[in-house]
>>> print(open('start01.txt').read())   # compact mmCIF, C-alpha atoms
# COMPACT_ATOMS: atom_id res chain seq x y z
CA MET U 1 0.00 0.00 0.00
CA GLY U 2 2.95 2.33 0.69
CA ALA U 3 3.37 5.29 3.02
CA TYR U 4 0.61 7.35 1.37
CA GLY U 5 -1.88 4.48 1.51
CA SER U 6 -1.09 3.81 5.14
CA GLU U 7 -1.54 7.47 6.10
CA LEU U 8 -4.80 7.75 4.17
CA SER U 9 -6.14 4.55 5.72
CA ARG U 10 -5.18 5.83 9.15
CA LEU U 11 -6.96 9.13 8.54
CA VAL U 12 -10.13 7.52 7.21
CA ASP U 13 -10.09 5.09 10.14
CA GLN U 14 -9.71 8.01 12.52
CA LEU U 15 -12.65 9.76 10.88
CA ASN U 16 -14.78 6.62 11.18
CA ARG U 17 -13.80 6.10 14.81
CA SER U 18 -14.54 9.75 15.56
CA THR U 19 -18.24 9.33 14.74
CA THR U 20 -19.27 8.53 18.31
CA ALA U 21 -16.99 11.25 19.70
CA LYS U 22 -17.94 13.77 17.06
CA THR U 23 -20.32 15.71 19.28
CA VAL U 24 -17.63 16.26 21.88
CA GLU U 25 -15.05 17.26 19.29
CA THR U 26 -17.29 19.62 17.35
CA ASN U 27 -18.42 21.16 20.62
CA SER U 28 -14.73 21.90 21.28
CA ILE U 29 -14.30 23.66 17.95
CA ASP U 30 -17.64 25.41 18.48
CA ARG U 31 -16.48 26.81 21.81
CA LEU U 32 -13.27 28.04 20.20
CA LEU U 33 -15.10 29.68 17.28
CA GLN U 34 -17.65 31.26 19.60
CA GLN U 35 -14.79 32.79 21.57
CA ALA U 36 -13.32 34.15 18.33
CA VAL U 37 -16.65 35.74 17.41
CA GLN U 38 -16.95 37.32 20.85
CA ARG U 39 -13.44 38.77 20.56
CA ASN U 40 -14.19 40.11 17.07
CA ALA U 41 -11.29 38.11 15.65
CA SER U 42 -10.79 37.78 11.90
CA ASP U 43 -8.78 34.53 12.00
CA VAL U 44 -7.94 31.60 14.25
CA LEU U 45 -4.61 29.75 13.93
CA LEU U 46 -4.16 26.19 15.18
CA VAL U 47 -0.53 25.03 15.14
CA ALA U 48 1.00 22.19 17.14
CA GLY U 49 3.44 23.53 19.74
CA SER U 50 1.58 26.84 20.09
CA ALA U 51 -1.47 27.92 22.03
CA VAL U 52 -4.50 28.90 19.97
CA VAL U 53 -3.83 32.27 18.34
CA MET U 54 -6.45 34.74 17.12
CA ARG U 55 -5.95 37.72 14.84
CA VAL U 56 -7.76 40.68 16.36
CA GLN U 57 -7.68 44.00 14.47
CA GLY U 58 -4.75 42.72 12.44
CA ALA U 59 -2.60 41.72 15.42
CA LEU U 60 -1.95 38.14 16.57
CA THR U 61 -3.25 37.57 20.09
CA PRO U 62 -2.70 34.32 22.03
CA ALA U 63 -5.89 32.80 23.41
CA ALA U 64 -5.97 31.27 26.86
CA GLY U 65 -4.77 27.70 27.13
CA LYS U 66 -1.72 25.50 26.88
CA PRO U 67 0.19 24.84 23.64
CA LEU U 68 -1.63 22.37 21.42
CA VAL U 69 -0.17 18.97 20.64
CA ALA U 70 -0.52 17.48 17.16
CA GLU U 71 -3.40 15.17 18.08
CA GLU U 72 -5.36 18.04 19.61
CA VAL U 73 -5.19 19.97 16.34
CA ARG U 74 -6.36 16.89 14.43
CA SER U 75 -9.22 16.22 16.85
CA LEU U 76 -10.41 19.82 16.50
CA VAL U 77 -10.51 19.98 12.70
CA LEU U 78 -10.98 16.44 11.36
CA PRO U 79 -14.66 16.21 12.41
CA LEU U 80 -15.33 19.14 10.08
CA LEU U 81 -14.31 17.09 7.02
CA THR U 82 -16.21 14.74 4.78
CA ALA U 83 -14.45 11.55 3.67
CA ARG U 84 -13.85 13.14 0.25
CA GLN U 85 -12.25 16.20 1.82
CA ALA U 86 -10.10 14.00 4.05
CA GLU U 87 -8.83 12.16 0.98
CA GLU U 88 -8.06 15.43 -0.80
CA LEU U 89 -6.16 16.66 2.26
CA GLU U 90 -3.94 13.60 2.31
CA THR U 91 -3.43 13.62 -1.45
CA GLU U 92 -2.67 17.32 -1.85
CA LYS U 93 -1.38 17.94 1.70
CA ALA U 94 -3.60 21.05 1.82
CA LEU U 95 -7.33 21.79 1.72
CA ASP U 96 -9.45 24.93 1.41
CA PHE U 97 -13.12 24.75 2.35
CA CYS U 98 -15.97 26.68 3.96
CA PHE U 99 -18.23 25.43 6.72
CA ALA U 100 -21.04 26.64 8.96
CA ARG U 101 -21.46 26.05 12.68
CA GLY U 102 -25.13 26.59 13.52
CA SER U 103 -25.85 30.02 14.97
CA ILE U 104 -22.13 30.80 15.41
CA GLY U 105 -21.56 31.63 11.74
CA ARG U 106 -19.75 30.63 8.57
CA PHE U 107 -16.02 30.10 8.27
CA ARG U 108 -13.33 29.53 5.66
CA ALA U 109 -10.57 27.11 6.56
CA ASN U 110 -7.21 26.14 5.18
CA LEU U 111 -5.73 22.89 6.45
CA HIS U 112 -2.08 22.15 5.69
CA TYR U 113 0.96 20.34 7.02
CA GLN U 114 3.99 21.89 8.70
CA ARG U 115 6.84 19.95 10.30
CA GLY U 116 4.87 16.82 9.56
CA THR U 117 1.84 17.87 11.63
CA LEU U 118 -1.57 19.17 10.65
CA ALA U 119 -2.20 22.91 11.07
CA ALA U 120 -5.21 25.11 10.38
CA SER U 121 -6.05 28.71 9.58
CA ILE U 122 -9.72 29.52 10.03
CA ARG U 123 -11.23 32.82 8.87
CA LEU U 124 -14.51 34.15 10.24
CA LEU U 125 -16.91 35.19 7.49
CA PRO U 126 -19.38 38.03 8.09
CA ALA U 127 -23.00 36.92 8.34
CA GLN U 128 -24.18 39.74 6.08
CA ILE U 129 -22.86 40.84 2.72
CA PRO U 130 -21.17 44.19 3.41
CA SER U 131 -21.86 47.46 1.64
CA LEU U 132 -19.21 49.84 0.32
CA GLU U 133 -20.27 52.23 3.09
CA SER U 134 -19.88 49.65 5.86
CA LEU U 135 -16.42 48.79 4.51
CA HIS U 136 -15.48 52.53 4.58
CA LEU U 137 -14.67 52.43 0.87
CA PRO U 138 -14.92 55.46 -1.46
CA PRO U 139 -18.54 55.78 -2.68
CA GLY U 140 -17.22 56.47 -6.17
CA LEU U 141 -16.47 52.77 -6.58
CA ALA U 142 -20.20 52.21 -7.01
CA GLN U 143 -19.96 53.63 -10.53
CA LEU U 144 -18.09 50.49 -11.58
CA VAL U 145 -21.24 48.39 -11.35
CA ASP U 146 -22.98 50.57 -13.92
CA ARG U 147 -20.73 49.22 -16.65
CA ARG U 148 -21.99 46.38 -18.81
CA GLN U 149 -18.72 45.16 -20.27
CA GLY U 150 -15.09 45.10 -19.21
CA LEU U 151 -12.72 44.00 -16.45
CA VAL U 152 -12.53 45.25 -12.86
CA LEU U 153 -9.60 44.02 -10.76
CA LEU U 154 -9.22 44.09 -6.96
CA THR U 155 -5.64 43.66 -5.80
CA GLY U 156 -3.69 43.61 -2.57
CA PRO U 157 -2.12 41.21 -0.08
CA THR U 158 -3.91 38.30 1.54
CA GLY U 159 -6.37 39.48 4.18
CA CYS U 160 -6.76 43.01 2.84
CA GLY U 161 -10.49 42.68 2.17
CA LYS U 162 -10.55 42.01 -1.59
CA THR U 163 -13.26 39.36 -1.29
CA SER U 164 -15.46 41.63 0.83
CA THR U 165 -15.12 44.50 -1.66
CA LEU U 166 -16.01 42.20 -4.56
CA ALA U 167 -19.01 40.90 -2.60
CA ALA U 168 -20.19 44.48 -1.96
CA LEU U 169 -19.92 45.35 -5.66
CA LEU U 170 -21.80 42.18 -6.65
CA ASP U 171 -24.52 42.95 -4.13
CA LEU U 172 -25.01 46.37 -5.71
CA ILE U 173 -25.47 44.73 -9.11
CA ASN U 174 -27.81 42.17 -7.57
CA ALA U 175 -29.94 44.96 -6.11
CA ARG U 176 -29.92 47.37 -9.04
CA ARG U 177 -29.95 45.25 -12.17
CA ARG U 178 -31.88 42.33 -13.61
CA ASP U 179 -28.82 40.32 -14.62
CA HIS U 180 -27.56 36.76 -14.61
CA ILE U 181 -24.58 36.74 -12.24
CA ILE U 182 -22.25 33.74 -12.07
CA THR U 183 -19.43 33.53 -9.52
CA ILE U 184 -16.49 31.11 -9.63
CA GLU U 185 -14.83 30.86 -6.23
CA ASP U 186 -12.44 28.71 -4.22
CA PRO U 187 -14.15 28.37 -1.82
CA ILE U 188 -17.48 30.26 -1.75
CA GLU U 189 -17.29 32.80 1.08
CA TYR U 190 -20.34 35.05 0.73
CA GLN U 191 -23.66 33.45 -0.21
CA HIS U 192 -25.70 35.75 -2.47
CA GLU U 193 -29.46 35.37 -2.58
CA ASN U 194 -31.40 36.26 -5.70
CA ARG U 195 -32.61 39.85 -5.48
CA SER U 196 -33.26 41.71 -8.74
CA SER U 197 -30.73 39.40 -10.40
CA ILE U 198 -30.30 35.64 -10.65
CA VAL U 199 -27.09 34.50 -8.92
CA GLU U 200 -25.31 31.19 -9.47
CA GLN U 201 -22.22 30.34 -7.40
CA ILE U 202 -19.75 27.73 -8.64
CA GLU U 203 -17.17 26.30 -6.25
CA VAL U 204 -13.84 25.13 -7.62
CA GLY U 205 -13.13 21.55 -6.62
CA HIS U 206 -16.78 20.84 -5.95
CA ASP U 207 -18.74 22.11 -8.96
CA THR U 208 -15.84 22.49 -11.40
CA PRO U 209 -12.25 21.20 -11.64
CA GLY U 210 -10.65 24.63 -12.04
CA PHE U 211 -11.04 28.34 -12.70
CA ALA U 212 -10.07 28.30 -16.39
CA GLN U 213 -12.44 25.47 -17.28
CA ALA U 214 -15.24 27.17 -15.36
CA VAL U 215 -14.79 30.54 -17.09
CA ARG U 216 -14.88 28.90 -20.52
CA ALA U 217 -17.98 26.89 -19.59
CA VAL U 218 -19.72 29.92 -18.06
CA LEU U 219 -19.60 31.75 -21.39
CA ARG U 220 -22.12 29.19 -22.68
CA GLN U 221 -24.48 29.77 -19.74
CA ASP U 222 -25.82 33.20 -20.75
CA PRO U 223 -24.16 35.32 -18.02
CA ASP U 224 -24.17 39.10 -17.80
CA VAL U 225 -21.71 39.39 -14.90
CA ILE U 226 -18.91 36.94 -14.05
CA LEU U 227 -16.90 36.93 -10.84
CA VAL U 228 -13.61 35.02 -11.06
CA GLY U 229 -12.45 34.70 -7.45
CA GLU U 230 -8.78 34.80 -8.37
CA MET U 231 -6.77 34.80 -11.60
CA ARG U 232 -4.02 32.34 -10.77
CA ASP U 233 -2.59 31.37 -14.16
CA ALA U 234 -2.32 32.39 -17.80
CA GLU U 235 -5.18 30.14 -18.88
CA THR U 236 -7.60 31.73 -16.39
CA MET U 237 -6.40 35.25 -17.22
CA ALA U 238 -6.84 34.65 -20.96
CA ALA U 239 -10.34 33.27 -20.41
CA ALA U 240 -11.29 36.24 -18.22
CA LEU U 241 -9.96 38.75 -20.76
CA THR U 242 -11.92 37.02 -23.52
CA ALA U 243 -15.08 37.10 -21.41
CA ALA U 244 -14.62 40.83 -20.75
CA GLU U 245 -14.03 41.38 -24.47
CA THR U 246 -17.16 39.54 -25.58
CA GLY U 247 -19.79 41.56 -23.76
CA HIS U 248 -19.56 40.60 -20.10
CA LEU U 249 -18.69 42.50 -16.94
CA VAL U 250 -15.90 40.52 -15.26
CA LEU U 251 -14.69 41.10 -11.69
CA SER U 252 -11.62 39.35 -10.33
CA SER U 253 -8.65 39.65 -7.96
CA LEU U 254 -4.88 39.39 -7.96
CA HIS U 255 -2.21 39.37 -5.25
CA THR U 256 -0.30 42.50 -6.31
CA ASN U 257 0.61 45.57 -4.27
CA ASP U 258 -0.07 48.47 -6.64
CA THR U 259 -1.78 49.23 -9.92
CA SER U 260 1.33 49.39 -12.12
CA GLN U 261 2.56 46.09 -10.69
CA THR U 262 -0.77 44.57 -11.63
CA ILE U 263 -0.25 45.39 -15.31
CA SER U 264 3.23 43.85 -15.19
CA ARG U 265 1.99 40.76 -13.34
CA ILE U 266 -0.67 40.06 -15.95
CA LEU U 267 1.80 40.44 -18.80
CA ASP U 268 4.63 38.47 -17.17
CA ILE U 269 2.51 35.39 -16.68
CA PHE U 270 2.20 35.02 -20.47
CA PRO U 271 5.02 33.91 -22.84
CA THR U 272 6.95 36.79 -24.39
CA GLY U 273 5.49 36.14 -27.82
CA HIS U 274 1.94 36.65 -26.54
CA GLN U 275 2.51 39.74 -24.40
CA SER U 276 1.89 42.28 -27.16
CA GLN U 277 -1.51 40.72 -27.87
CA ILE U 278 -2.40 40.63 -24.16
CA ARG U 279 -1.33 44.25 -23.71
CA GLN U 280 -3.62 45.27 -26.59
CA GLN U 281 -6.49 43.20 -25.17
CA LEU U 282 -6.00 44.60 -21.67
CA SER U 283 -5.98 48.17 -22.94
CA LEU U 284 -9.38 47.58 -24.52
CA VAL U 285 -11.22 45.72 -21.73
CA LEU U 286 -9.81 47.17 -18.48
CA LEU U 287 -12.24 49.35 -16.55
CA ALA U 288 -10.45 49.79 -13.24
CA ILE U 289 -7.83 48.44 -10.86
CA VAL U 290 -8.43 48.94 -7.14
CA THR U 291 -5.54 48.13 -4.80
CA GLN U 292 -6.32 48.09 -1.10
CA GLN U 293 -4.76 47.42 2.28
CA LEU U 294 -6.19 47.60 5.78
CA VAL U 295 -4.68 50.11 8.22
CA PRO U 296 -5.23 50.09 12.02
CA GLY U 297 -7.40 52.95 13.22
CA VAL U 298 -6.55 55.47 15.92
CA ASP U 299 -8.95 53.69 18.30
CA ALA U 300 -7.01 50.41 17.96
CA VAL U 301 -10.38 48.74 17.33
CA HIS U 302 -11.23 49.37 13.70
CA ARG U 303 -9.19 48.95 10.53
CA TYR U 304 -9.74 51.19 7.54
CA PRO U 305 -9.04 50.50 3.86
CA ALA U 306 -6.48 52.64 2.10
CA VAL U 307 -7.01 52.33 -1.64
CA GLU U 308 -5.26 53.13 -4.88
CA ILE U 309 -7.72 53.51 -7.75
CA LEU U 310 -6.89 53.44 -11.44
CA MET U 311 -9.72 54.23 -13.84
CA ALA U 312 -9.13 53.21 -17.44
CA THR U 313 -9.47 56.59 -19.14
CA GLY U 314 -8.47 57.06 -22.76
CA ALA U 315 -5.04 58.28 -21.63
CA ILE U 316 -4.51 55.24 -19.37
CA ARG U 317 -5.57 52.86 -22.15
CA ASN U 318 -3.05 54.46 -24.48
CA LEU U 319 -0.24 54.10 -21.92
CA ILE U 320 -1.05 50.41 -21.47
CA ARG U 321 -1.28 49.81 -25.21
CA THR U 322 2.04 51.54 -25.94
CA GLY U 323 3.92 50.02 -23.01
CA GLN U 324 4.44 53.26 -21.09
CA ASP U 325 3.47 51.73 -17.75
CA HIS U 326 5.93 53.95 -15.87
CA GLN U 327 3.73 56.98 -16.62
CA ILE U 328 0.55 55.47 -15.19
CA ARG U 329 1.20 56.53 -11.60
CA GLY U 330 1.54 60.17 -12.62
CA HIS U 331 -1.85 60.03 -14.30
CA ILE U 332 -3.40 58.44 -11.20
CA SER U 333 -2.06 61.21 -8.94
CA THR U 334 -3.61 63.93 -11.13
CA GLY U 335 -6.82 62.06 -11.92
CA ARG U 336 -8.94 62.64 -8.82
CA ALA U 337 -11.62 64.36 -10.88
CA GLU U 338 -11.97 61.09 -12.79
CA GLY U 339 -12.24 58.98 -9.63
CA MET U 340 -8.56 58.06 -9.30
CA MET U 341 -6.23 58.33 -6.31
CA THR U 342 -2.82 57.06 -5.26
CA MET U 343 -2.25 55.07 -2.09
CA GLU U 344 -0.53 58.11 -0.56
CA GLN U 345 -3.52 60.35 -1.30
CA SER U 346 -5.84 57.81 0.30
CA LEU U 347 -3.66 57.49 3.40
CA ALA U 348 -3.45 61.28 3.73
CA ASP U 349 -7.25 61.50 3.53
CA LEU U 350 -7.58 58.91 6.32
CA VAL U 351 -5.20 60.96 8.50
CA ALA U 352 -7.07 64.18 7.74
CA ASN U 353 -10.37 62.51 8.70
CA GLY U 354 -8.92 61.37 12.01
CA ARG U 355 -9.27 57.66 11.22
CA ILE U 356 -5.58 56.68 11.29
CA THR U 357 -2.39 58.19 12.72
CA ARG U 358 0.44 59.73 10.71
CA GLU U 359 2.68 56.90 11.91
CA ALA U 360 0.27 54.26 10.61
CA ALA U 361 0.06 56.06 7.27
CA LEU U 362 3.84 56.24 6.94
CA SER U 363 4.18 52.53 7.73
CA HIS U 364 1.72 51.59 4.96
CA CYS U 365 2.71 53.99 2.18
CA TYR U 366 4.66 53.23 -1.01
CA ASN U 367 6.45 56.60 -1.16
CA SER U 368 7.09 58.32 2.19
CA MET U 369 8.28 61.60 0.62
CA GLU U 370 5.11 61.86 -1.46
CA LEU U 371 2.94 61.07 1.56
CA SER U 372 4.74 63.72 3.64
CA GLN U 373 3.91 66.31 1.00
CA TYR U 374 0.20 65.40 1.10
CA LEU U 375 0.19 65.46 4.91
CA LYS U 376 1.56 69.03 4.90
CA HIS U 377 -1.48 70.19 2.95
>>> encode(input="start01.txt", output="structure tokens")
Amino acid sequence: MGAYGSELSRLVDQLNRSTTAKTVETNSIDRLLQQAVQRNASDVLLVAGSAVVMRVQGALTPAAGKPLVAEEVRSLVLPLLTARQAEELETEKALDFCFARGSIGRFRANLHYQRGTLAASIRLLPAQIPSLESLHLPPGLAQLVDRRQGLVLLTGPTGCGKTSTLAALLDLINARRRDHIITIEDPIEYQHENRSSIVEQIEVGHDTPGFAQAVRAVLRQDPDVILVGEMRDAETMAAALTAAETGHLVLSSLHTNDTSQTISRILDIFPTGHQSQIRQQLSLVLLAIVTQQLVPGVDAVHRYPAVEILMATGAIRNLIRTGQDHQIRGHISTGRAEGMMTMEQSLADLVANGRITREAALSHCYNSMELSQYLKH
């Protein structure tokens, strides 16, 4: 059977044997998750050799209790899995999934191995789909949902709120328009009910084998709006660009830190011989790039989004098409009348409004000299 077969058999056997003890074990995870909700945590980390850690307002905070041993981590998370998920975990050595725990709420989990032991990162998902206002985002972003065709990209590091912003934009479309919305996600975080629109949500690994295949298939399902949770490879990017080019509004995300870097990231993932074609395509379909990060507030309780917004004006499209990406930032800084702003301008606004400190702004900016100039005014 080999090492893999032995480990898989052991895991399945443990799952089967856990049936009678499942109530006790899930009660343990329920108590932990309830504590996280009460502390307004965003994430819970379970790692052997460490006490339970919660991320509260962006900072890691140890929870009460002794360091966990490997079997305690397994006993906490394994009852959450189906047999199929357990097999995927042992095959791939990692697993992403969402789950609900009664009245406590919904959660997204990543299980993985480190130092040969199982570890988990669990994110708390809001019960309600947020609005742009509740997320403290610029109201001008709402204009993006009025477009019928093109590509809107949300970028930023993990945990910066990209998924929540995309959910808020989708909810606006769902409320305002009579459209067919299809989302492709891994996993599904926010559950959208049909309002004015019809919403279908496809989960990678459960409803489809991958993002690229799903985007191509979705084009035959009469969509108006397509959400691609993340563009991870050239095949998915090409499919998303084609969808945006053929009469659909496409929203997606990337892990990049600023708008210019996003352009480069998209191009670099394609072979050199195809980059000219992709640059031309991108210049035609791009509507906006919104880069965001979360900054601790002055009250040490809230976090506020600082955003860099690029709107694809005629001038921006020309810069992308002709490869003059280095000039894009200058256009963003002078394009506030067109809905654009740099990260430094956004941070300066947050300071001026008393939401964050100057020190927090300086620690999150891209260009400290530029930020200092804005803060003087």
>>> atom_distance(input="start01.txt", atom1="CA of Gln345 in chain U", atom2="CA of Ser333 in chain U")
7.8 Å
>>> residues_around(input="start01.txt", residues="Gln293 in chain U", least_positions_apart="2", cutoff="12 Å", atoms="only C-alpha atoms", output="PyMOL selection string")
chain U and resi 58+135+137+154-162+165+255-258+290-291+295-296+303-308+343-344+346-347+360-361+363-366
>>> residues_around(input="start01.txt", residues="Arg176 in chain U", least_positions_apart="5", cutoff="9 Å", atoms="all atoms listed in the file", output="MDAnalysis selection string")
chainID U and resid 171 195:197
>>> residues_around(input="start01.txt", residues="Arg216 in chain U", least_positions_apart="5", cutoff="9 Å", atoms="all atoms listed in the file", output="list in words")
Phe211, Thr236, Ala239, Ala240 and Ala243 of chain U
>>> residues_around(input="start01.txt", residues="range 273-275 of chain U", least_positions_apart="2", cutoff="12 Å", atoms="all atoms listed in the file", output="PyMOL selection string")
chain U and resi 234+238+263-271+277-282+320-323
>>> atom_distance(input="start01.txt", atom1="CA of Gln292 in chain U", atom2="CA of Asp349 in chain U")
14.2 Å
>>> closest_residue(input="start01.txt", among="U:Met369, U:Leu294, U:Ala70, U:Ala100", to="Arg355 in chain U", atoms="only C-alpha atoms")
U:Leu294
>>> axis_aligned_box(input="start01.txt", around="range 333-351 of chain U", padding_each_side="6 Å", output="JSON")
{"center_x": -6.4, "center_y": 59.7, "center_z": -2.1, "size_x": 23.7, "size_y": 21.3, "size_z": 33.3}
>>> atom_distance(input="start01.txt", atom1="CA of Ala168 in chain U", atom2="CA of His248 in chain U")
18.6 Å
>>> closest_residue(input="start01.txt", among="U:Glu72, U:Glu185, U:Glu235, U:Asp43", to="Leu166 in chain U", atoms="all atoms listed in the file")
U:Glu185
>>> closest_residue(input="start01.txt", among="U:Leu371, U:Thr272, U:Ser134, U:Gly297", to="Gly354 in chain U", atoms="only C-alpha atoms")
U:Gly297
>>> closest_residue(input="start01.txt", among="U:Leu76, U:Ala120, U:Ile328, U:Ala86", to="Asp30 in chain U", atoms="only C-alpha atoms")
U:Leu76
>>> closest_residue(input="start01.txt", among="U:Ile289, U:Ala83, U:Ala36, U:Leu118", to="Val69 in chain U", atoms="only C-alpha atoms")
U:Leu118
>>> residues_around(input="start01.txt", residues="Ile309 in chain U", least_positions_apart="5", cutoff="8 Å", atoms="only C-alpha atoms", output="PyMOL selection string")
chain U and resi 259+288-291+332+339-342
>>> residues_near_point(input="start01.txt", point="(-1.7, 13.9, 18.9)", cutoff="12 Å", atoms="only C-alpha atoms", output="PyMOL selection string")
chain U and resi 14+47-49+68-76+116-119
>>> closest_residue(input="start01.txt", among="U:Val37, U:Val152, U:Glu203, U:Ile173", to="Ile122 in chain U", atoms="all atoms listed in the file")
U:Val37
>>> build_atoms(input="start01.txt", residues="range 150-174 of chain U", atoms="N, CA and C atoms", output="compact mmCIF listing (two decimals), in the coordinates of the input")
# COMPACT_ATOMS: atom_id res chain seq x y z
N GLY U 150 -16.45 44.72 -19.57
CA GLY U 150 -15.09 45.10 -19.21
C GLY U 150 -14.60 44.34 -17.99
N LEU U 151 -13.40 44.71 -17.53
CA LEU U 151 -12.72 44.00 -16.45
C LEU U 151 -12.42 44.93 -15.29
N VAL U 152 -12.84 44.54 -14.10
CA VAL U 152 -12.53 45.25 -12.86
C VAL U 152 -11.68 44.33 -11.99
N LEU U 153 -10.51 44.82 -11.55
CA LEU U 153 -9.60 44.02 -10.76
C LEU U 153 -9.43 44.59 -9.35
N LEU U 154 -9.54 43.74 -8.35
CA LEU U 154 -9.22 44.09 -6.96
C LEU U 154 -7.90 43.43 -6.62
N THR U 155 -6.95 44.20 -6.11
CA THR U 155 -5.64 43.66 -5.80
C THR U 155 -5.21 44.05 -4.40
N GLY U 156 -4.20 43.34 -3.90
CA GLY U 156 -3.69 43.61 -2.57
C GLY U 156 -3.25 42.31 -1.92
N PRO U 157 -2.62 42.41 -0.77
CA PRO U 157 -2.12 41.21 -0.08
C PRO U 157 -3.26 40.38 0.49
N THR U 158 -2.94 39.16 0.89
CA THR U 158 -3.91 38.30 1.54
C THR U 158 -4.45 38.97 2.80
N GLY U 159 -5.76 38.91 2.98
CA GLY U 159 -6.37 39.48 4.18
C GLY U 159 -6.64 40.96 4.13
N CYS U 160 -6.55 41.57 2.93
CA CYS U 160 -6.76 43.01 2.84
C CYS U 160 -8.22 43.37 2.55
N GLY U 161 -9.07 42.38 2.38
CA GLY U 161 -10.49 42.68 2.17
C GLY U 161 -10.95 42.64 0.73
N LYS U 162 -10.16 42.06 -0.18
CA LYS U 162 -10.55 42.01 -1.59
C LYS U 162 -11.89 41.29 -1.78
N THR U 163 -12.04 40.15 -1.13
CA THR U 163 -13.26 39.36 -1.29
C THR U 163 -14.48 40.12 -0.81
N SER U 164 -14.33 40.85 0.30
CA SER U 164 -15.46 41.63 0.83
C SER U 164 -15.84 42.76 -0.12
N THR U 165 -14.84 43.42 -0.71
CA THR U 165 -15.12 44.50 -1.66
C THR U 165 -15.83 43.95 -2.89
N LEU U 166 -15.36 42.82 -3.40
CA LEU U 166 -16.01 42.20 -4.56
C LEU U 166 -17.45 41.82 -4.22
N ALA U 167 -17.66 41.29 -3.02
CA ALA U 167 -19.01 40.90 -2.60
C ALA U 167 -19.92 42.13 -2.54
N ALA U 168 -19.40 43.25 -2.04
CA ALA U 168 -20.19 44.48 -1.96
C ALA U 168 -20.57 44.98 -3.35
N LEU U 169 -19.63 44.92 -4.29
CA LEU U 169 -19.92 45.35 -5.66
C LEU U 169 -20.96 44.43 -6.30
N LEU U 170 -20.82 43.12 -6.10
CA LEU U 170 -21.80 42.18 -6.65
C LEU U 170 -23.18 42.42 -6.07
N ASP U 171 -23.23 42.72 -4.77
CA ASP U 171 -24.52 42.95 -4.13
C ASP U 171 -25.21 44.19 -4.69
N LEU U 172 -24.43 45.19 -5.06
CA LEU U 172 -25.01 46.37 -5.71
C LEU U 172 -25.63 46.00 -7.05
N ILE U 173 -24.92 45.19 -7.83
CA ILE U 173 -25.47 44.73 -9.11
C ILE U 173 -26.73 43.93 -8.87
N ASN U 174 -26.68 43.04 -7.90
CA ASN U 174 -27.81 42.17 -7.57
C ASN U 174 -29.05 42.98 -7.19
